[in-house]
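This is coords04.txt (compact mmCIF, C-alpha atoms).
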```txt
# COMPACT_ATOMS: atom_id res chain seq x y z
CA MET C 72 17.40 -33.46 4.08
CA LYS C 73 19.91 -30.69 3.44
CA PRO C 74 19.07 -27.26 4.88
CA ARG C 75 19.25 -25.61 1.45
CA LEU C 76 16.89 -28.14 -0.08
CA ARG C 77 14.48 -27.77 2.83
CA THR C 78 14.55 -23.97 2.47
CA ALA C 79 13.97 -24.24 -1.28
CA LEU C 80 10.97 -26.53 -0.78
CA LEU C 81 9.47 -24.20 1.82
CA LEU C 82 9.91 -21.18 -0.46
CA PHE C 83 8.67 -22.92 -3.61
CA PRO C 84 4.88 -22.29 -3.13
CA ALA C 85 5.35 -18.57 -2.43
CA THR C 86 7.89 -18.24 -5.26
CA ALA C 87 5.61 -20.03 -7.75
CA TRP C 88 2.69 -17.82 -6.73
CA PHE C 89 4.82 -14.67 -7.09
CA VAL C 90 6.06 -15.70 -10.54
CA ALA C 91 2.62 -16.73 -11.79
CA MET C 92 0.71 -13.73 -10.45
CA LEU C 93 3.24 -10.90 -10.87
CA VAL C 94 6.21 -11.73 -13.05
CA LEU C 95 4.42 -13.54 -15.90
CA PRO C 96 1.70 -10.86 -16.35
CA LEU C 97 4.41 -8.18 -16.46
CA ILE C 98 6.29 -10.16 -19.10
CA VAL C 99 3.12 -10.48 -21.17
CA VAL C 100 2.45 -6.73 -20.92
CA PHE C 101 6.07 -6.00 -21.86
CA VAL C 102 5.87 -8.24 -24.94
CA PHE C 103 2.51 -6.74 -25.97
CA SER C 104 3.96 -3.22 -25.76
CA PHE C 105 6.09 -3.89 -28.85
CA GLY C 106 3.17 -5.27 -30.86
CA GLU C 107 0.48 -3.67 -32.99
CA ARG C 108 -3.29 -3.28 -32.84
CA GLY C 109 -5.18 -5.83 -34.90
CA PRO C 110 -7.76 -4.85 -37.51
CA ALA C 111 -10.56 -5.69 -35.07
CA GLY C 112 -8.60 -4.62 -32.04
CA GLY C 113 -6.56 -6.69 -29.64
CA TYR C 114 -2.95 -7.61 -30.30
CA VAL C 115 -0.93 -8.58 -33.36
CA PRO C 116 2.67 -9.82 -32.86
CA ALA C 117 5.27 -7.37 -34.08
CA PHE C 118 8.43 -5.62 -32.94
CA SER C 119 7.96 -1.87 -33.07
CA PHE C 120 8.78 1.10 -30.84
CA ALA C 121 5.88 3.10 -32.29
CA ASN C 122 3.76 2.64 -29.18
CA PHE C 123 6.45 4.12 -26.94
CA LEU C 124 7.05 6.99 -29.35
CA ASN C 125 3.32 7.76 -29.17
CA LEU C 126 3.20 8.04 -25.37
CA GLY C 127 2.90 11.81 -25.71
CA ALA C 128 -0.70 11.27 -26.81
CA ARG C 129 -1.47 10.33 -23.19
CA TRP C 130 0.63 13.06 -21.62
CA THR C 131 -2.37 14.66 -19.91
CA ALA C 132 -3.14 11.41 -18.07
CA PHE C 133 0.49 11.08 -16.92
CA LYS C 134 0.58 14.74 -15.87
CA ASN C 135 -2.62 14.48 -13.84
CA THR C 136 -1.39 11.30 -12.18
CA MET C 137 2.06 12.66 -11.34
CA VAL C 138 0.59 15.88 -9.93
CA LEU C 139 -2.53 14.72 -8.10
CA ALA C 140 -1.12 11.45 -6.73
CA PRO C 141 1.68 13.16 -4.74
CA ILE C 142 -0.65 15.98 -3.66
CA GLY C 143 -3.24 13.45 -2.54
CA THR C 144 -0.58 11.50 -0.65
CA ILE C 145 0.67 14.63 1.12
CA ALA C 146 -2.90 15.70 1.95
CA CYS C 147 -3.60 12.27 3.46
CA LEU C 148 -0.38 12.54 5.49
CA PHE C 149 -1.18 15.97 6.93
CA ILE C 150 -4.67 14.85 7.95
CA ALA C 151 -3.72 11.34 9.08
CA TYR C 152 -0.73 12.21 11.27
CA PRO C 153 -2.60 14.38 13.82
CA LEU C 154 -5.40 11.81 13.89
CA ALA C 155 -2.99 8.92 14.43
CA TYR C 156 -1.11 10.94 17.06
CA PHE C 157 -4.31 11.61 18.97
CA LEU C 158 -5.37 7.95 18.79
CA ALA C 159 -1.98 6.62 19.91
CA ILE C 160 -0.84 9.25 22.43
CA ARG C 161 -3.79 11.30 23.67
CA ALA C 162 -6.90 9.11 23.46
CA SER C 163 -7.87 7.18 26.57
CA ALA C 164 -7.83 3.39 26.44
CA LYS C 165 -11.63 3.08 26.67
CA TRP C 166 -12.15 5.34 23.62
CA GLN C 167 -9.20 4.16 21.55
CA THR C 168 -10.81 1.01 20.16
CA MET C 169 -14.05 2.80 19.30
CA LEU C 170 -12.20 5.58 17.48
CA LEU C 171 -10.15 3.05 15.52
CA ILE C 172 -13.35 1.31 14.46
CA LEU C 173 -14.75 4.65 13.25
CA VAL C 174 -11.66 5.07 11.08
CA ILE C 175 -12.28 1.64 9.55
CA VAL C 176 -16.04 2.12 9.05
CA PRO C 177 -15.75 3.69 5.55
CA PHE C 178 -14.05 0.50 4.34
CA TRP C 179 -17.21 -1.43 5.19
CA THR C 180 -18.92 0.23 2.24
CA SER C 181 -17.91 -0.11 -1.40
CA ILE C 182 -15.79 2.74 -2.77
CA LEU C 183 -18.36 2.95 -5.58
CA ILE C 184 -21.16 3.80 -3.14
CA ARG C 185 -18.95 6.29 -1.28
CA SER C 186 -18.03 8.00 -4.54
CA TYR C 187 -21.72 8.34 -5.46
CA ALA C 188 -22.26 10.01 -2.08
CA TRP C 189 -19.53 12.54 -2.89
CA ILE C 190 -21.07 13.14 -6.32
CA PHE C 191 -24.24 14.28 -4.54
CA LEU C 192 -22.36 16.33 -1.91
CA LEU C 193 -20.18 18.12 -4.47
CA GLY C 194 -22.84 18.34 -7.18
CA GLY C 195 -25.22 21.19 -7.89
CA LYS C 196 -27.71 20.15 -5.18
CA GLY C 197 -25.05 19.68 -2.52
CA LEU C 198 -22.43 22.05 -1.16
CA PRO C 199 -22.53 24.45 -4.17
CA ASN C 200 -26.25 24.93 -3.55
CA VAL C 201 -25.61 25.72 0.13
CA ILE C 202 -22.83 28.16 -0.82
CA ALA C 203 -25.12 29.88 -3.34
CA ALA C 204 -27.93 30.09 -0.75
CA LEU C 205 -25.53 31.89 1.60
CA GLY C 206 -24.94 34.52 -1.09
CA LEU C 207 -21.33 33.51 -1.68
CA GLY C 208 -21.77 33.00 -5.40
CA HIS C 209 -21.94 29.95 -7.63
CA ILE C 210 -19.04 27.54 -7.56
CA GLN C 211 -18.47 24.23 -9.33
CA LEU C 212 -16.91 21.50 -7.22
CA ILE C 213 -17.77 18.32 -9.10
CA ASN C 214 -15.72 17.34 -12.17
CA THR C 215 -12.71 19.29 -10.92
CA PRO C 216 -9.27 18.35 -9.52
CA PHE C 217 -10.56 19.47 -6.12
CA ALA C 218 -13.34 16.87 -6.24
CA VAL C 219 -10.85 14.17 -7.18
CA LEU C 220 -8.57 15.15 -4.29
CA VAL C 221 -11.51 15.06 -1.87
CA GLY C 222 -12.36 11.55 -3.03
CA ILE C 223 -8.72 10.50 -2.76
CA VAL C 224 -8.33 11.77 0.79
CA TYR C 225 -11.63 10.26 1.89
CA GLY C 226 -10.91 6.91 0.26
CA TYR C 227 -7.26 6.48 1.23
CA LEU C 228 -7.04 8.20 4.61
CA PRO C 229 -7.38 4.96 6.66
CA LEU C 230 -4.45 3.44 4.75
CA MET C 231 -2.32 6.35 5.95
CA VAL C 232 -3.64 6.43 9.51
CA PHE C 233 -2.94 2.86 10.54
CA PRO C 234 0.79 2.56 9.70
CA ILE C 235 1.45 5.85 11.49
CA TYR C 236 -0.74 4.79 14.41
CA VAL C 237 1.20 1.53 14.78
CA SER C 238 4.53 3.40 14.87
CA LEU C 239 3.26 5.91 17.42
CA GLU C 240 1.54 3.26 19.52
CA ARG C 241 4.84 1.38 19.84
CA LEU C 242 6.62 4.56 20.88
CA ASP C 243 8.13 4.33 24.37
CA LYS C 244 6.20 7.00 26.29
CA ARG C 245 9.07 7.27 28.77
CA LEU C 246 11.07 9.06 26.09
CA LEU C 247 8.44 11.80 25.94
CA GLU C 248 8.39 12.03 29.73
CA ALA C 249 12.18 12.26 29.84
CA ALA C 250 12.19 15.06 27.26
CA SER C 251 9.58 16.93 29.29
CA ASP C 252 11.53 16.45 32.54
CA LEU C 253 14.64 17.86 30.86
CA GLY C 254 12.73 21.01 29.98
CA ALA C 255 12.25 20.44 26.25
CA PRO C 256 9.28 22.37 24.80
CA PRO C 257 6.51 20.24 23.28
CA LEU C 258 7.46 21.27 19.74
CA ASN C 259 11.11 20.29 20.25
CA THR C 260 10.02 16.99 21.78
CA PHE C 261 7.85 16.26 18.77
CA LEU C 262 10.55 17.17 16.23
CA SER C 263 13.39 15.43 18.07
CA VAL C 264 11.67 12.33 19.45
CA THR C 265 8.17 11.63 18.16
CA LEU C 266 8.55 12.43 14.46
CA PRO C 267 11.86 10.57 13.86
CA LEU C 268 10.63 7.46 15.67
CA SER C 269 7.36 7.49 13.71
CA MET C 270 9.06 7.76 10.33
CA PRO C 271 8.72 4.02 9.55
CA GLY C 272 4.94 4.43 9.71
CA VAL C 273 5.06 7.64 7.67
CA ALA C 274 7.18 5.98 4.99
CA THR C 275 4.93 2.92 4.86
CA GLY C 276 1.72 4.97 4.73
CA CYS C 277 3.00 7.31 2.02
CA MET C 278 4.27 4.45 -0.11
CA LEU C 279 1.05 2.47 0.30
CA VAL C 280 -1.17 5.39 -0.65
CA PHE C 281 1.06 6.68 -3.47
CA ILE C 282 1.44 3.32 -5.19
CA LEU C 283 -2.31 2.69 -5.13
CA LEU C 284 -3.05 6.22 -6.35
CA MET C 285 -0.79 5.77 -9.36
CA GLY C 286 -3.14 3.06 -10.62
CA GLU C 287 -6.40 4.68 -9.47
CA PHE C 288 -9.20 5.01 -12.02
CA LEU C 289 -12.58 4.86 -10.22
CA ILE C 290 -12.34 8.11 -8.24
CA PRO C 291 -11.14 10.24 -11.21
CA ALA C 292 -13.78 8.64 -13.45
CA MET C 293 -16.65 9.40 -11.07
CA LEU C 294 -15.60 12.67 -9.44
CA GLY C 295 -13.59 13.95 -12.39
CA GLY C 296 -16.39 13.36 -14.86
CA GLY C 297 -14.03 12.69 -17.76
CA LYS C 298 -12.34 16.07 -17.31
CA VAL C 299 -9.76 14.90 -14.76
CA PHE C 300 -8.41 11.46 -15.60
CA PHE C 301 -5.43 9.38 -14.49
CA VAL C 302 -3.31 6.84 -16.32
CA GLY C 303 -5.64 4.18 -14.95
CA ASN C 304 -8.50 5.78 -16.89
CA ALA C 305 -6.35 5.83 -20.02
CA LEU C 306 -5.62 2.12 -19.60
CA VAL C 307 -9.31 1.29 -19.24
CA ASP C 308 -10.02 3.27 -22.41
CA LEU C 309 -7.22 1.59 -24.37
CA PHE C 310 -7.88 -1.98 -23.28
CA VAL C 311 -11.69 -2.00 -23.00
CA GLN C 312 -13.07 0.66 -25.34
CA SER C 313 -10.59 1.18 -28.18
CA ARG C 314 -9.11 -2.33 -27.73
CA ASN C 315 -5.62 -1.11 -28.53
CA TRP C 316 -3.84 -3.62 -26.34
CA ALA C 317 -0.39 -2.87 -27.74
CA PHE C 318 -0.51 0.85 -26.99
CA GLY C 319 -2.21 0.18 -23.66
CA SER C 320 0.64 -2.18 -22.74
CA ALA C 321 3.19 0.49 -23.63
CA VAL C 322 1.38 2.98 -21.38
CA ALA C 323 1.34 0.38 -18.58
CA VAL C 324 5.08 -0.28 -18.98
CA ALA C 325 5.79 3.46 -18.87
CA LEU C 326 3.69 3.78 -15.71
CA VAL C 327 5.60 0.92 -14.04
CA LEU C 328 8.92 2.56 -14.93
CA VAL C 329 7.77 5.93 -13.57
CA MET C 330 6.63 4.28 -10.34
CA LEU C 331 9.90 2.34 -10.05
CA VAL C 332 11.99 5.49 -10.39
CA THR C 333 9.75 7.52 -8.08
CA VAL C 334 9.55 4.88 -5.35
CA THR C 335 13.32 4.25 -5.46
CA ALA C 336 14.09 7.97 -5.19
CA TYR C 337 11.59 8.36 -2.35
CA MET C 338 13.00 5.45 -0.35
CA ARG C 339 16.56 6.72 -0.77
CA PHE C 340 15.51 10.18 0.36
CA THR C 341 13.64 8.75 3.33
CA LEU C 342 16.58 6.57 4.36
CA ARG C 343 18.99 9.50 4.07
CA TRP C 344 16.63 11.82 5.96
CA SER C 345 16.37 9.28 8.77
CA GLY C 346 20.14 9.22 9.16
CA GLY C 347 20.66 5.86 7.53
CA ARG C 348 18.56 3.84 9.98
CA ASP C 349 17.49 0.53 8.55
CA ASP C 350 14.08 0.57 10.25
CA ILE C 351 12.57 2.64 7.46
CA SER C 352 10.91 0.01 5.36
CA LEU C 353 7.70 -0.75 3.57
CA MET C 354 6.69 -3.44 6.00
```

Would you mind giving the structure from this file in structure tokens?
Amino acid sequence: MKPRLRTALLLFPATAWFVAMLVLPLIVVFVFSFGERGPAGGYVPAFSFANFLNLGARWTAFKNTMVLAPIGTIACLFIAYPLAYFLAIRASAKWQTMLLILVIVPFWTSILIRSYAWIFLLGGKGLPNVIAALGLGHIQLINTPFAVLVGIVYGYLPLMVFPIYVSLERLDKRLLEAASDLGAPPLNTFLSVTLPLSMPGVATGCMLVFILLMGEFLIPAMLGGGKVFFVGNALVDLFVQSRNWAFGSAVAVALVLVMLVTVTAYMRFTLRWSGGRDDISLM
């Protein structure tokens, strides 16, 4: 058997799965985006750009997504990096496994249950009640962008911690010792050695969290209370409630294009910031 034919046969199952599960659904959504809503909802074949011209009707959802998704990603990064650094560099071997398990523990419970817990904590009988009892005034936390960001950080923090932890755990500790022996201050050692070598994990974690946040709908729906909603919430409304599949498909296509442009720009910036090293990747 020829090598090319053998390679093609080995790649066929994965290629067929990729085409069936990713490419074909995207083609269907793209075709639907040019259609029209039927009298009873759903989709009617047509060729019209009206759905794309009406995207401004969902501008608030796009704005919330494009603002809160990057902020949530950055917040996860600033919290996850010190935690991952401590786990990989400072924690003793006997505690390292236990601390890693504690990071994973929230994933053992459904995000729905965890969101309900935050509804109680941020609701009127939770933290606002404690703040009011301390005489610091009444403050509303639930159904605000702050509540959504709290849910985002809590829900997605482990996805940011582990890629960074893997990069730091693979770091050759002798490099840090050499920098210390040469008299480099800890801050210079971190900026010159630790941070650049951990950039693959940072890039992977940021991309993983950001891409998932762009399609998030549960956390904004529960902690935003209908006042803070993402594009994912708009898609649920269009496909499930109003049954306007054509307009919903146009919104989905626009979201994919926004993500494609954003992710491409981010990866180019990351590669250029890292000095052109080819070890900055998503895997």

Q.
When you look at Ile290 in chain C with a cut-off of 8 Å (counting only C-alpha atoms), what residues show up, excluding the ones that are within fewer than 6 positions of it in the same chain? I need them as a ChimeraX atom specification.
A. /C:186,219,222-223

- Message: For range 120-131 of chain C, find every residue with an atom within 7 Å (counting all atoms listed in the file), except residues of its own chain fewer than 4 positions away, and show them as a VMD selection string.
- Response: chain C and resid 104 to 105 135 318 321 to 322

### Message
Within 12 Å of (-14.3, 6.0, 12.1) (file coordinates; only C-alpha atoms), which protein or nucleic acid residues are there? I'd like them as a list in words.
### Response
Leu154, Ala155, Leu158, Trp166, Gln167, Thr168, Met169, Leu170, Leu171, Ile172, Leu173, Val174, Ile175, Val176, Pro177, Phe178, Trp179, Tyr225, Leu228, Pro229, Val232 and Phe233 of chain C

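Here the question is which of C:Ile145, C:Leu294, C:Leu262, C:Val102 gets nearest to Phe191 in chain C using all atoms listed in the file, and that residue is C:Leu294.
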
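Reported to one decimal place, the separation of CA of Leu284 in chain C from CA of Thr136 in chain C is 7.9 Å.
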
So that I can see what lies close to Thr144 in chain C, please list as a list in words the residues with an atom at most 7 Å from it, counting only C-alpha atoms and leaving out residues fewer than 6 positions away in the same chain.
Cys277, Val280 and Phe281 of chain C

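Minimum atom-to-atom distances from C:Leu193, C:Val94, C:Leu139, C:Val100 to Gly319 in chain C were compared using all atoms listed in the file, and the lowest value belongs to C:Val100.
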